[in-house]
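Worksheet: one structure, shown below.
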Amino acid sequence: MAKTPPTPPASPAPANYEEALAELEALVAAMEGGQLPLDALLQNYRRGADLLNYCRERLDAVEQQVKVLEEGQLKPWKNE
């Protein structure tokens, strides 16, 4: 019977969007460097997927808040 590798402990959730994005960028840079062993590459990929989901969820939540503030109408962003 094949032995299943142990599951790594769950990484802590990021404190905020900016922290998650910074960690995600660092993971991508490390992975693009091509110097990671296969196990580390897989672990970084999984962490990156978790961070990406976190960032998407935060962006969706902010978008919903903006819709509420704009009375249900998402208006174009005007950066003046």
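Each chain in the structure tokens gets a letter, A, B and so on, in the order shown; residues start at 1 in every chain, and ligands are counted from 1 in the order they appear.
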Skip stretch 12-27 of chain A itself and residues of its chain fewer than 2 positions away, then list as a CSV table (one decimal) with N, CA and C atoms, in the first residue's frame all residues within 6 Å of it, counting only C-alpha atoms.
```csv
chain,number,residue,atom,x,y,z
A,29,ALA,N,7.5,35.3,-7.5
A,29,ALA,CA,8.9,35.6,-7.8
A,29,ALA,C,9.8,34.4,-7.5
A,30,ALA,N,9.5,33.7,-6.3
A,30,ALA,CA,10.3,32.6,-6.0
A,30,ALA,C,10.1,31.4,-6.9
A,48,GLY,N,-0.3,30.1,-2.8
A,48,GLY,CA,-0.6,31.1,-3.8
A,48,GLY,C,-2.1,31.0,-4.2
A,51,LEU,N,-4.1,32.4,-1.3
A,51,LEU,CA,-4.0,33.9,-1.3
A,51,LEU,C,-4.8,34.5,-2.4
A,55,CYS,N,-7.8,37.3,-1.9
A,55,CYS,CA,-7.8,38.6,-2.6
A,55,CYS,C,-9.1,38.8,-3.4
```
Practice problem: Taking the DSSP assignment computed from this structure's backbone, write out as a ChimeraX atom specification all residues of stretch 39-78 of chain A that belong to helix (DSSP H, G or I). | Solution: /A:39-69
I need the chosen residues saved as a JSON list (two decimals), in the first residue's frame, with C-alpha atoms.
```json
[["chain", "number", "residue", "atom", "x", "y", "z"],
["A", 39, "ASP", "CA", 7.81, 19.85, -2.85],
["A", 40, "ALA", "CA", 8.42, 23.54, -2.10],
["A", 41, "LEU", "CA", 7.06, 24.49, -5.51],
["A", 42, "LEU", "CA", 3.85, 22.57, -4.86],
["A", 43, "GLN", "CA", 3.50, 24.07, -1.37],
["A", 44, "ASN", "CA", 4.01, 27.59, -2.76],
["A", 45, "TYR", "CA", 1.46, 26.91, -5.49],
["A", 46, "ARG", "CA", -1.14, 25.83, -2.93],
["A", 47, "ARG", "CA", -0.44, 28.85, -0.73],
["A", 48, "GLY", "CA", -0.62, 31.11, -3.78],
["A", 49, "ALA", "CA", -4.02, 29.67, -4.74],
["A", 50, "ASP", "CA", -5.28, 30.31, -1.20],
["A", 51, "LEU", "CA", -3.97, 33.88, -1.28],
["A", 52, "LEU", "CA", -5.50, 34.50, -4.70],
["A", 53, "ASN", "CA", -8.89, 33.30, -3.44],
["A", 54, "TYR", "CA", -8.56, 35.56, -0.38],
["A", 55, "CYS", "CA", -7.78, 38.58, -2.58],
["A", 56, "ARG", "CA", -10.71, 37.83, -4.90],
["A", 57, "GLU", "CA", -13.08, 37.49, -1.95],
["A", 58, "ARG", "CA", -11.90, 40.81, -0.48],
["A", 59, "LEU", "CA", -12.30, 42.57, -3.83],
["A", 60, "ASP", "CA", -15.80, 41.13, -4.25],
["A", 61, "ALA", "CA", -16.73, 42.28, -0.74],
["A", 62, "VAL", "CA", -15.48, 45.79, -1.43],
["A", 63, "GLU", "CA", -17.38, 45.87, -4.72],
["A", 64, "GLN", "CA", -20.58, 44.92, -2.89],
["A", 65, "GLN", "CA", -19.99, 47.68, -0.33],
["A", 66, "VAL", "CA", -19.51, 50.21, -3.14],
["A", 67, "LYS", "CA", -22.78, 49.06, -4.73],
["A", 68, "VAL", "CA", -24.58, 49.65, -1.43],
["A", 69, "LEU", "CA", -23.01, 53.08, -1.07]]
```
